[in-house]
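Structure file protein-v9.cif (mmCIF, N, CA and C atoms) is printed below.
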```cif
data_final
#
loop_
_atom_site.label_atom_id
_atom_site.label_comp_id
_atom_site.auth_asym_id
_atom_site.auth_seq_id
_atom_site.Cartn_x
_atom_site.Cartn_y
_atom_site.Cartn_z
N MET B 1 -21.47 -9.40 0.41
CA MET B 1 -20.02 -9.30 0.51
C MET B 1 -19.58 -8.27 1.55
N GLU B 2 -20.51 -7.57 2.15
CA GLU B 2 -20.11 -6.54 3.11
C GLU B 2 -19.44 -7.10 4.35
N LYS B 3 -19.59 -8.40 4.64
CA LYS B 3 -18.95 -9.01 5.81
C LYS B 3 -17.61 -9.65 5.47
N LEU B 4 -17.20 -9.57 4.22
CA LEU B 4 -15.95 -10.17 3.77
C LEU B 4 -14.77 -9.57 4.53
N GLU B 5 -13.91 -10.43 5.08
CA GLU B 5 -12.74 -9.98 5.84
C GLU B 5 -11.42 -10.22 5.11
N VAL B 6 -11.35 -11.29 4.31
CA VAL B 6 -10.11 -11.63 3.60
C VAL B 6 -10.43 -11.90 2.14
N LEU B 7 -9.73 -11.20 1.26
CA LEU B 7 -9.84 -11.44 -0.18
C LEU B 7 -8.44 -11.71 -0.69
N ASP B 8 -8.14 -12.98 -0.98
CA ASP B 8 -6.80 -13.40 -1.38
C ASP B 8 -6.88 -14.01 -2.78
N LEU B 9 -6.47 -13.23 -3.77
CA LEU B 9 -6.49 -13.68 -5.16
C LEU B 9 -5.10 -13.59 -5.78
N GLU B 10 -4.09 -13.79 -4.96
CA GLU B 10 -2.70 -13.68 -5.44
C GLU B 10 -2.41 -14.71 -6.52
N GLY B 11 -1.71 -14.26 -7.58
CA GLY B 11 -1.21 -15.15 -8.61
C GLY B 11 -2.26 -15.84 -9.44
N ASN B 12 -3.35 -15.17 -9.73
CA ASN B 12 -4.43 -15.78 -10.51
C ASN B 12 -4.52 -15.26 -11.94
N LEU B 13 -3.51 -14.53 -12.38
CA LEU B 13 -3.48 -13.96 -13.74
C LEU B 13 -4.68 -13.06 -14.02
N ILE B 14 -5.18 -12.40 -12.98
CA ILE B 14 -6.27 -11.44 -13.15
C ILE B 14 -5.72 -10.26 -13.93
N SER B 15 -6.44 -9.85 -14.97
CA SER B 15 -5.97 -8.72 -15.77
C SER B 15 -7.06 -7.66 -15.85
N GLY B 16 -6.64 -6.47 -16.25
CA GLY B 16 -7.56 -5.35 -16.35
C GLY B 16 -7.34 -4.38 -15.20
N SER B 17 -8.18 -3.38 -15.15
CA SER B 17 -8.05 -2.41 -14.07
C SER B 17 -8.83 -2.89 -12.85
N LEU B 18 -8.45 -2.36 -11.72
CA LEU B 18 -9.09 -2.74 -10.46
C LEU B 18 -10.45 -2.06 -10.38
N PRO B 19 -11.52 -2.82 -10.18
CA PRO B 19 -12.85 -2.19 -10.11
C PRO B 19 -12.96 -1.26 -8.91
N SER B 20 -13.88 -0.35 -8.99
CA SER B 20 -14.01 0.66 -7.93
C SER B 20 -15.09 0.29 -6.92
N GLN B 21 -15.53 -0.95 -6.87
CA GLN B 21 -16.60 -1.35 -5.96
C GLN B 21 -16.08 -1.82 -4.61
N PHE B 22 -15.29 -1.02 -3.95
CA PHE B 22 -14.79 -1.37 -2.62
C PHE B 22 -15.53 -0.63 -1.52
N SER B 23 -16.49 0.19 -1.90
CA SER B 23 -17.15 1.04 -0.90
C SER B 23 -17.93 0.24 0.14
N GLY B 24 -18.38 -0.96 -0.19
CA GLY B 24 -19.15 -1.76 0.75
C GLY B 24 -18.34 -2.74 1.57
N LEU B 25 -17.03 -2.72 1.44
CA LEU B 25 -16.18 -3.71 2.11
C LEU B 25 -15.51 -3.13 3.35
N LYS B 26 -16.29 -2.61 4.24
CA LYS B 26 -15.77 -1.95 5.43
C LYS B 26 -15.12 -2.92 6.42
N ASN B 27 -15.42 -4.21 6.33
CA ASN B 27 -14.84 -5.21 7.24
C ASN B 27 -13.60 -5.89 6.67
N LEU B 28 -13.20 -5.51 5.46
CA LEU B 28 -12.06 -6.15 4.82
C LEU B 28 -10.78 -5.87 5.61
N ARG B 29 -10.09 -6.92 6.03
CA ARG B 29 -8.84 -6.80 6.78
C ARG B 29 -7.63 -7.09 5.90
N VAL B 30 -7.78 -8.03 4.95
CA VAL B 30 -6.68 -8.44 4.08
C VAL B 30 -7.14 -8.38 2.63
N LEU B 31 -6.42 -7.60 1.83
CA LEU B 31 -6.65 -7.57 0.39
C LEU B 31 -5.34 -7.95 -0.27
N ASN B 32 -5.30 -9.15 -0.85
CA ASN B 32 -4.10 -9.66 -1.50
C ASN B 32 -4.40 -9.91 -2.97
N LEU B 33 -3.95 -8.98 -3.80
CA LEU B 33 -4.09 -9.11 -5.25
C LEU B 33 -2.72 -9.16 -5.91
N GLY B 34 -1.72 -9.58 -5.15
CA GLY B 34 -0.35 -9.59 -5.63
C GLY B 34 -0.14 -10.54 -6.80
N PHE B 35 0.78 -10.15 -7.66
CA PHE B 35 1.27 -10.96 -8.76
C PHE B 35 0.15 -11.43 -9.69
N ASN B 36 -0.56 -10.44 -10.19
CA ASN B 36 -1.54 -10.62 -11.25
C ASN B 36 -1.11 -9.73 -12.40
N GLU B 37 -2.04 -9.31 -13.21
CA GLU B 37 -1.75 -8.42 -14.34
C GLU B 37 -2.69 -7.23 -14.31
N ILE B 38 -2.89 -6.69 -13.12
CA ILE B 38 -3.81 -5.57 -12.92
C ILE B 38 -3.07 -4.27 -13.23
N PHE B 39 -3.75 -3.37 -13.94
CA PHE B 39 -3.11 -2.11 -14.32
C PHE B 39 -4.03 -0.94 -14.00
N GLY B 40 -3.50 0.25 -14.20
CA GLY B 40 -4.25 1.47 -13.91
C GLY B 40 -3.87 2.02 -12.55
N GLY B 41 -4.59 3.03 -12.13
CA GLY B 41 -4.32 3.63 -10.84
C GLY B 41 -4.93 2.83 -9.70
N ILE B 42 -4.45 3.08 -8.50
CA ILE B 42 -5.04 2.48 -7.30
C ILE B 42 -6.31 3.26 -7.02
N PRO B 43 -7.48 2.62 -7.08
CA PRO B 43 -8.75 3.37 -6.99
C PRO B 43 -9.00 3.97 -5.61
N SER B 44 -9.58 5.15 -5.61
CA SER B 44 -9.87 5.85 -4.36
C SER B 44 -10.93 5.13 -3.54
N SER B 45 -11.70 4.24 -4.16
CA SER B 45 -12.72 3.50 -3.41
C SER B 45 -12.09 2.59 -2.35
N LEU B 46 -10.81 2.27 -2.49
CA LEU B 46 -10.12 1.48 -1.46
C LEU B 46 -10.09 2.21 -0.13
N SER B 47 -10.21 3.53 -0.17
CA SER B 47 -10.18 4.31 1.07
C SER B 47 -11.33 3.96 2.00
N ASN B 48 -12.37 3.32 1.47
CA ASN B 48 -13.50 2.90 2.28
C ASN B 48 -13.21 1.64 3.10
N CYS B 49 -12.14 0.96 2.80
CA CYS B 49 -11.77 -0.26 3.52
C CYS B 49 -10.96 0.13 4.75
N VAL B 50 -11.60 0.80 5.68
CA VAL B 50 -10.92 1.43 6.81
C VAL B 50 -10.26 0.44 7.76
N GLY B 51 -10.65 -0.83 7.73
CA GLY B 51 -10.08 -1.82 8.64
C GLY B 51 -8.92 -2.61 8.06
N LEU B 52 -8.40 -2.20 6.89
CA LEU B 52 -7.32 -2.96 6.26
C LEU B 52 -6.11 -3.08 7.16
N GLN B 53 -5.61 -4.31 7.27
CA GLN B 53 -4.38 -4.59 8.00
C GLN B 53 -3.25 -4.98 7.06
N VAL B 54 -3.61 -5.60 5.93
CA VAL B 54 -2.63 -6.00 4.92
C VAL B 54 -3.17 -5.60 3.56
N LEU B 55 -2.36 -4.85 2.82
CA LEU B 55 -2.70 -4.48 1.44
C LEU B 55 -1.53 -4.91 0.57
N ASN B 56 -1.78 -5.93 -0.27
CA ASN B 56 -0.74 -6.44 -1.17
C ASN B 56 -1.20 -6.26 -2.60
N LEU B 57 -0.57 -5.30 -3.28
CA LEU B 57 -0.82 -5.07 -4.70
C LEU B 57 0.47 -5.26 -5.50
N ALA B 58 1.46 -5.92 -4.91
CA ALA B 58 2.78 -6.09 -5.53
C ALA B 58 2.69 -6.93 -6.80
N GLY B 59 3.65 -6.70 -7.70
CA GLY B 59 3.78 -7.54 -8.88
C GLY B 59 2.67 -7.38 -9.88
N ASN B 60 2.16 -6.18 -10.02
CA ASN B 60 1.14 -5.88 -11.02
C ASN B 60 1.68 -4.78 -11.92
N GLN B 61 0.79 -4.01 -12.50
CA GLN B 61 1.20 -2.90 -13.37
C GLN B 61 0.47 -1.62 -12.97
N PHE B 62 0.27 -1.44 -11.65
CA PHE B 62 -0.37 -0.21 -11.19
C PHE B 62 0.53 0.97 -11.54
N ASN B 63 -0.10 2.07 -11.97
CA ASN B 63 0.69 3.25 -12.31
C ASN B 63 0.14 4.46 -11.58
N GLY B 64 0.77 5.59 -11.79
CA GLY B 64 0.39 6.80 -11.07
C GLY B 64 1.11 6.86 -9.75
N SER B 65 0.60 7.68 -8.88
CA SER B 65 1.26 7.85 -7.58
C SER B 65 0.61 6.97 -6.51
N ILE B 66 1.32 6.79 -5.42
CA ILE B 66 0.77 6.09 -4.26
C ILE B 66 -0.20 7.05 -3.60
N PRO B 67 -1.47 6.68 -3.48
CA PRO B 67 -2.45 7.63 -2.93
C PRO B 67 -2.25 7.87 -1.43
N GLY B 68 -2.44 9.11 -1.04
CA GLY B 68 -2.28 9.49 0.36
C GLY B 68 -3.28 8.84 1.29
N PHE B 69 -4.44 8.42 0.75
CA PHE B 69 -5.45 7.83 1.64
C PHE B 69 -4.96 6.56 2.31
N ILE B 70 -3.92 5.93 1.77
CA ILE B 70 -3.37 4.72 2.39
C ILE B 70 -2.90 5.04 3.81
N GLY B 71 -2.48 6.26 4.04
CA GLY B 71 -2.07 6.67 5.37
C GLY B 71 -3.22 6.71 6.37
N GLY B 72 -4.44 6.63 5.90
CA GLY B 72 -5.60 6.63 6.78
C GLY B 72 -5.95 5.27 7.35
N PHE B 73 -5.26 4.22 6.89
CA PHE B 73 -5.51 2.88 7.40
C PHE B 73 -4.73 2.71 8.70
N ARG B 74 -5.33 3.06 9.80
CA ARG B 74 -4.64 3.10 11.10
C ARG B 74 -4.18 1.73 11.59
N GLY B 75 -4.82 0.66 11.16
CA GLY B 75 -4.44 -0.68 11.60
C GLY B 75 -3.52 -1.39 10.62
N LEU B 76 -3.04 -0.68 9.60
CA LEU B 76 -2.23 -1.30 8.56
C LEU B 76 -0.92 -1.84 9.13
N ARG B 77 -0.68 -3.14 8.90
CA ARG B 77 0.56 -3.79 9.36
C ARG B 77 1.51 -4.06 8.20
N GLY B 78 0.96 -4.32 7.02
CA GLY B 78 1.79 -4.62 5.86
C GLY B 78 1.28 -3.92 4.62
N LEU B 79 2.17 -3.19 3.95
CA LEU B 79 1.84 -2.52 2.69
C LEU B 79 2.86 -2.97 1.66
N TYR B 80 2.39 -3.72 0.67
CA TYR B 80 3.25 -4.32 -0.34
C TYR B 80 2.85 -3.77 -1.71
N LEU B 81 3.66 -2.85 -2.23
CA LEU B 81 3.39 -2.23 -3.52
C LEU B 81 4.57 -2.41 -4.48
N SER B 82 5.49 -3.30 -4.17
CA SER B 82 6.69 -3.50 -4.99
C SER B 82 6.34 -3.98 -6.40
N PHE B 83 7.24 -3.66 -7.31
CA PHE B 83 7.20 -4.16 -8.69
C PHE B 83 5.91 -3.81 -9.41
N ASN B 84 5.63 -2.52 -9.42
CA ASN B 84 4.56 -1.95 -10.22
C ASN B 84 5.19 -0.85 -11.06
N LEU B 85 4.39 0.08 -11.51
CA LEU B 85 4.86 1.21 -12.30
C LEU B 85 4.56 2.51 -11.58
N LEU B 86 4.55 2.47 -10.26
CA LEU B 86 4.21 3.64 -9.46
C LEU B 86 5.33 4.67 -9.53
N SER B 87 4.94 5.94 -9.50
CA SER B 87 5.92 7.02 -9.62
C SER B 87 5.61 8.11 -8.59
N GLY B 88 6.51 9.07 -8.51
CA GLY B 88 6.32 10.16 -7.57
C GLY B 88 6.98 9.86 -6.24
N SER B 89 6.46 10.45 -5.21
CA SER B 89 7.07 10.30 -3.89
C SER B 89 6.23 9.40 -2.99
N ILE B 90 6.83 8.97 -1.89
CA ILE B 90 6.10 8.23 -0.86
C ILE B 90 5.26 9.26 -0.11
N PRO B 91 3.95 9.08 -0.05
CA PRO B 91 3.11 10.08 0.62
C PRO B 91 3.44 10.22 2.10
N VAL B 92 3.51 11.46 2.56
CA VAL B 92 3.81 11.70 3.97
C VAL B 92 2.71 11.14 4.87
N GLU B 93 1.51 10.99 4.34
CA GLU B 93 0.39 10.47 5.14
C GLU B 93 0.66 9.07 5.68
N ILE B 94 1.48 8.30 4.98
CA ILE B 94 1.79 6.95 5.45
C ILE B 94 2.50 7.01 6.80
N GLY B 95 3.33 8.00 7.01
CA GLY B 95 4.04 8.14 8.27
C GLY B 95 3.22 8.78 9.38
N ASP B 96 2.07 9.35 9.03
CA ASP B 96 1.24 10.02 10.03
C ASP B 96 0.53 9.05 10.97
N ASN B 97 0.09 7.92 10.45
CA ASN B 97 -0.71 6.97 11.24
C ASN B 97 -0.13 5.57 11.15
N CYS B 98 1.16 5.46 11.33
CA CYS B 98 1.83 4.19 11.04
C CYS B 98 2.18 3.41 12.30
N GLY B 99 1.44 3.59 13.36
CA GLY B 99 1.78 2.95 14.62
C GLY B 99 1.89 1.45 14.56
N LYS B 100 1.16 0.79 13.68
CA LYS B 100 1.18 -0.67 13.61
C LYS B 100 1.93 -1.19 12.39
N LEU B 101 2.39 -0.29 11.51
CA LEU B 101 3.04 -0.70 10.27
C LEU B 101 4.36 -1.41 10.56
N GLU B 102 4.48 -2.64 10.05
CA GLU B 102 5.69 -3.44 10.23
C GLU B 102 6.44 -3.66 8.92
N TYR B 103 5.72 -3.79 7.83
CA TYR B 103 6.32 -4.11 6.54
C TYR B 103 5.87 -3.10 5.49
N LEU B 104 6.82 -2.46 4.86
CA LEU B 104 6.56 -1.48 3.82
C LEU B 104 7.48 -1.81 2.66
N GLU B 105 6.93 -2.38 1.60
CA GLU B 105 7.73 -2.80 0.45
C GLU B 105 7.31 -1.98 -0.76
N LEU B 106 8.26 -1.19 -1.28
CA LEU B 106 7.98 -0.27 -2.37
C LEU B 106 8.97 -0.39 -3.52
N SER B 107 9.88 -1.34 -3.48
CA SER B 107 10.94 -1.43 -4.48
C SER B 107 10.38 -1.78 -5.86
N GLY B 108 11.20 -1.55 -6.87
CA GLY B 108 10.81 -1.91 -8.23
C GLY B 108 9.77 -0.99 -8.82
N ASN B 109 9.71 0.24 -8.35
CA ASN B 109 8.82 1.25 -8.91
C ASN B 109 9.69 2.40 -9.42
N PHE B 110 9.08 3.51 -9.70
CA PHE B 110 9.80 4.69 -10.18
C PHE B 110 9.65 5.83 -9.19
N LEU B 111 9.82 5.50 -7.92
CA LEU B 111 9.65 6.49 -6.87
C LEU B 111 10.85 7.42 -6.83
N THR B 112 10.57 8.67 -6.54
CA THR B 112 11.61 9.69 -6.48
C THR B 112 11.49 10.41 -5.15
N GLU B 113 12.26 11.44 -5.00
CA GLU B 113 12.21 12.27 -3.80
C GLU B 113 12.85 11.52 -2.63
N ALA B 114 12.78 12.11 -1.49
CA ALA B 114 13.36 11.53 -0.29
C ALA B 114 12.32 10.71 0.46
N ILE B 115 12.79 9.85 1.33
CA ILE B 115 11.88 9.13 2.22
C ILE B 115 11.33 10.17 3.20
N PRO B 116 10.00 10.23 3.36
CA PRO B 116 9.42 11.25 4.26
C PRO B 116 9.98 11.14 5.68
N ARG B 117 10.26 12.30 6.27
CA ARG B 117 10.81 12.34 7.63
C ARG B 117 9.94 11.63 8.63
N ASN B 118 8.63 11.73 8.46
CA ASN B 118 7.75 11.17 9.48
C ASN B 118 7.69 9.64 9.45
N LEU B 119 8.32 8.99 8.48
CA LEU B 119 8.43 7.53 8.55
C LEU B 119 9.31 7.13 9.73
N GLY B 120 10.07 8.08 10.25
CA GLY B 120 10.83 7.84 11.47
C GLY B 120 9.94 7.63 12.68
N ASN B 121 8.65 7.98 12.56
CA ASN B 121 7.68 7.75 13.64
C ASN B 121 7.19 6.31 13.68
N CYS B 122 7.48 5.55 12.66
CA CYS B 122 6.97 4.18 12.54
C CYS B 122 7.84 3.25 13.39
N ARG B 123 7.64 3.28 14.67
CA ARG B 123 8.48 2.56 15.62
C ARG B 123 8.45 1.05 15.43
N GLY B 124 7.36 0.51 14.91
CA GLY B 124 7.26 -0.94 14.74
C GLY B 124 7.76 -1.42 13.40
N LEU B 125 8.24 -0.51 12.55
CA LEU B 125 8.65 -0.87 11.20
C LEU B 125 9.85 -1.81 11.24
N LYS B 126 9.65 -3.02 10.69
CA LYS B 126 10.72 -4.02 10.65
C LYS B 126 11.42 -4.03 9.30
N LEU B 127 10.70 -3.66 8.25
CA LEU B 127 11.28 -3.75 6.92
C LEU B 127 10.77 -2.61 6.06
N LEU B 128 11.70 -1.84 5.53
CA LEU B 128 11.40 -0.86 4.50
C LEU B 128 12.25 -1.25 3.31
N TYR B 129 11.59 -1.66 2.26
CA TYR B 129 12.28 -2.12 1.07
C TYR B 129 11.86 -1.19 -0.05
N SER B 130 12.73 -0.22 -0.38
CA SER B 130 12.29 0.81 -1.31
C SER B 130 13.22 1.07 -2.48
N MET B 131 14.47 0.68 -2.41
CA MET B 131 15.49 0.96 -3.42
C MET B 131 15.85 2.44 -3.48
N LEU B 132 15.26 3.28 -2.62
CA LEU B 132 15.73 4.65 -2.50
C LEU B 132 16.96 4.58 -1.61
N GLU B 133 18.04 5.13 -2.05
CA GLU B 133 19.31 4.94 -1.36
C GLU B 133 19.48 5.93 -0.21
N GLU B 134 18.76 5.71 0.84
CA GLU B 134 18.91 6.52 2.04
C GLU B 134 18.32 5.77 3.21
N VAL B 135 18.57 6.27 4.39
CA VAL B 135 18.04 5.64 5.59
C VAL B 135 16.77 6.35 6.01
N ILE B 136 16.01 5.67 6.86
CA ILE B 136 14.80 6.29 7.40
C ILE B 136 15.22 7.41 8.33
N PRO B 137 14.68 8.61 8.14
CA PRO B 137 15.03 9.70 9.04
C PRO B 137 14.57 9.40 10.46
N VAL B 138 15.35 9.83 11.43
CA VAL B 138 15.00 9.62 12.83
C VAL B 138 14.33 10.88 13.35
N ASN B 139 13.09 10.74 13.81
CA ASN B 139 12.39 11.87 14.43
C ASN B 139 12.60 11.80 15.92
N SER B 140 12.81 12.94 16.53
CA SER B 140 12.98 12.95 17.99
C SER B 140 11.71 13.39 18.67
#
```
Conversion result in C-alpha cells:
Amino acid sequence: MEKLEVLDLEGNLISGSLPSQFSGLKNLRVLNLGFNEIFGGIPSSLSNCVGLQVLNLAGNQFNGSIPGFIGGFRGLRGLYLSFNLLSGSIPVEIGDNCGKLEYLELSGNFLTEAIPRNLGNCRGLKLLYSMLEEVIPVNS
C-alpha cells in the first residue's frame, strides 16, 4: 500500500476511530473519508502523508482541535473538515504554507477565536467556509 495515491471511501458508513497506520502512505495525494461515521481525534500519523493535496474528513464526528501538522502539507489544495465536532481555533500553521490552498471548509464545527492573520497569505484561496463571522485578514 505504500504506492497508494488516492484513497476515496466517501459515504461508506465507515464507523469507529481512524486507524493510525498512515505512516507508510508517503505517496498519498487524496484522502477522502467524507460523510462516514468516523469519530475521535485526527491522528498524528496523518502527518506522514507529506504529499497530500486533498484531505476530506467532512461529515464525520471528529473531535478535538484541528492539528497544526496540517499546515505542513505544502501541496494541499483542498482541506474539508466541515460538519464534525472540532473545537478550538484554526491553527496558524495552515496559513504558513498555504501557497496552493484553494478550498478551506471548516463550517459546522465549534471553532472559536479569530481567523489567523496569516491566512491572508493564502493568495490562491477561492473559498473559506467557516461560519466565523469575519473576513480574512489582509497581510501586506
Problem set entry | Output of the PyMOL selection byres ((chain B and resi 102) around 8), listed as a list in words |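 Selected by the PyMOL selection byres ((chain B and resi 102) around 8) in this file: Leu76, Arg77, Gly78, Leu79, Cys98, Gly99, Lys100, Leu101, Tyr103, Leu104, Glu105, Cys122, Arg123, Gly124, Leu125, Lys126, Leu127 and Leu128 of chain B.
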Problem set entry | Computed interatomic separation between CA of Leu31 (chain B) and CA of Leu13 (chain B) (Å) |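 Straight-line distance from CA of Leu31 (chain B) to CA of Leu13 (chain B) works out to 15.8 Å.
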For this session: For Ser130 (chain B), please output as a ChimeraX atom specification all residues within 8 Å (counting all atoms listed in the file; exclusion window: fewer than 4 positions along the same chain).
Result: /B:82,104-109,111,134
Prev. selection, N, CA and C atoms, output as a tab-separated table (two decimals), in the coordinates of the input:
```tsv
chain	number	residue	atom	x	y	z
B	82	SER	N	5.49	-3.30	-4.17
B	82	SER	CA	6.69	-3.50	-4.99
B	82	SER	C	6.34	-3.98	-6.40
B	104	LEU	N	6.82	-2.46	4.86
B	104	LEU	CA	6.56	-1.48	3.82
B	104	LEU	C	7.48	-1.81	2.66
B	105	GLU	N	6.93	-2.38	1.60
B	105	GLU	CA	7.73	-2.80	0.45
B	105	GLU	C	7.31	-1.98	-0.76
B	106	LEU	N	8.26	-1.19	-1.28
B	106	LEU	CA	7.98	-0.27	-2.37
B	106	LEU	C	8.97	-0.39	-3.52
B	107	SER	N	9.88	-1.34	-3.48
B	107	SER	CA	10.94	-1.43	-4.48
B	107	SER	C	10.38	-1.78	-5.86
B	108	GLY	N	11.20	-1.55	-6.87
B	108	GLY	CA	10.81	-1.91	-8.23
B	108	GLY	C	9.77	-0.99	-8.82
B	109	ASN	N	9.71	0.24	-8.35
B	109	ASN	CA	8.82	1.25	-8.91
B	109	ASN	C	9.69	2.40	-9.42
B	111	LEU	N	9.82	5.50	-7.92
B	111	LEU	CA	9.65	6.49	-6.87
B	111	LEU	C	10.85	7.42	-6.83
B	134	GLU	N	18.76	5.71	0.84
B	134	GLU	CA	18.91	6.52	2.04
B	134	GLU	C	18.32	5.77	3.21
```
Problem set entry | Two-atom distance - CA of Gln61 (chain B), CA of Ile38 (chain B) (Å) | 5.7 Å
Exercise. Exactly which residues make up the result of the PyMOL selection byres ((chain B and resi 27) around 8) on this file, given as a list of chain:residue names?
Worked result: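 Given this file, the PyMOL selection byres ((chain B and resi 27) around 8) evaluates to B:Met1, B:Glu2, B:Lys3, B:Leu4, B:Glu5, B:Val6, B:Gly24, B:Leu25, B:Lys26, B:Leu28, B:Arg29, B:Val30, B:Asn48, B:Cys49, B:Val50, B:Gly51, B:Leu52.
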Would it be fine to have region 21-43 of chain B, with N, CA and C atoms, given as a CSV table (one decimal), in the first residue's frame?
```csv
chain,number,residue,atom,x,y,z
B,21,GLN,N,-2.4,3.9,11.1
B,21,GLN,CA,-1.5,3.3,10.2
B,21,GLN,C,-1.3,4.1,8.9
B,22,PHE,N,-1.0,5.4,9.0
B,22,PHE,CA,-0.8,6.2,7.8
B,22,PHE,C,0.7,6.4,7.6
B,23,SER,N,1.6,5.9,8.4
B,23,SER,CA,3.0,6.2,8.3
B,23,SER,C,3.6,5.7,7.0
B,24,GLY,N,3.1,4.7,6.4
B,24,GLY,CA,3.7,4.2,5.2
B,24,GLY,C,3.1,4.7,3.9
B,25,LEU,N,2.2,5.7,4.0
B,25,LEU,CA,1.5,6.2,2.8
B,25,LEU,C,2.0,7.5,2.4
B,26,LYS,N,3.3,7.6,2.1
B,26,LYS,CA,4.0,8.8,1.8
B,26,LYS,C,3.6,9.3,0.4
B,27,ASN,N,3.1,8.5,-0.5
B,27,ASN,CA,2.6,8.9,-1.8
B,27,ASN,C,1.2,9.3,-1.9
B,28,LEU,N,0.5,9.2,-0.8
B,28,LEU,CA,-1.0,9.5,-0.8
B,28,LEU,C,-1.2,11.0,-1.2
B,29,ARG,N,-2.0,11.2,-2.2
B,29,ARG,CA,-2.3,12.6,-2.7
B,29,ARG,C,-3.7,13.0,-2.3
B,30,VAL,N,-4.6,12.0,-2.3
B,30,VAL,CA,-6.0,12.3,-2.0
B,30,VAL,C,-6.5,11.3,-0.9
B,31,LEU,N,-7.0,11.9,0.2
B,31,LEU,CA,-7.6,11.1,1.2
B,31,LEU,C,-9.0,11.6,1.4
B,32,ASN,N,-10.0,10.8,1.0
B,32,ASN,CA,-11.4,11.3,1.1
B,32,ASN,C,-12.2,10.3,1.9
B,33,LEU,N,-12.4,10.6,3.2
B,33,LEU,CA,-13.2,9.8,4.1
B,33,LEU,C,-14.4,10.6,4.5
B,34,GLY,N,-14.9,11.5,3.7
B,34,GLY,CA,-16.0,12.3,4.0
B,34,GLY,C,-17.3,11.5,4.1
B,35,PHE,N,-18.2,12.0,5.0
B,35,PHE,CA,-19.5,11.6,5.2
B,35,PHE,C,-19.6,10.1,5.5
B,36,ASN,N,-18.9,9.7,6.6
B,36,ASN,CA,-18.9,8.4,7.2
B,36,ASN,C,-19.4,8.6,8.6
B,37,GLU,N,-19.0,7.7,9.5
B,37,GLU,CA,-19.3,7.9,10.9
B,37,GLU,C,-18.1,7.7,11.8
B,38,ILE,N,-17.0,8.3,11.3
B,38,ILE,CA,-15.7,8.2,12.0
B,38,ILE,C,-15.6,9.2,13.1
B,39,PHE,N,-15.1,8.8,14.3
B,39,PHE,CA,-15.0,9.6,15.4
B,39,PHE,C,-13.7,9.6,16.0
B,40,GLY,N,-13.5,10.5,17.0
B,40,GLY,CA,-12.2,10.6,17.7
B,40,GLY,C,-11.4,11.7,17.1
B,41,GLY,N,-10.1,11.8,17.6
B,41,GLY,CA,-9.3,12.9,17.1
B,41,GLY,C,-8.7,12.5,15.7
B,42,ILE,N,-8.2,13.5,15.1
B,42,ILE,CA,-7.5,13.4,13.8
B,42,ILE,C,-6.1,12.9,14.2
B,43,PRO,N,-5.7,11.6,13.7
B,43,PRO,CA,-4.5,11.0,14.2
B,43,PRO,C,-3.2,11.7,13.7
```
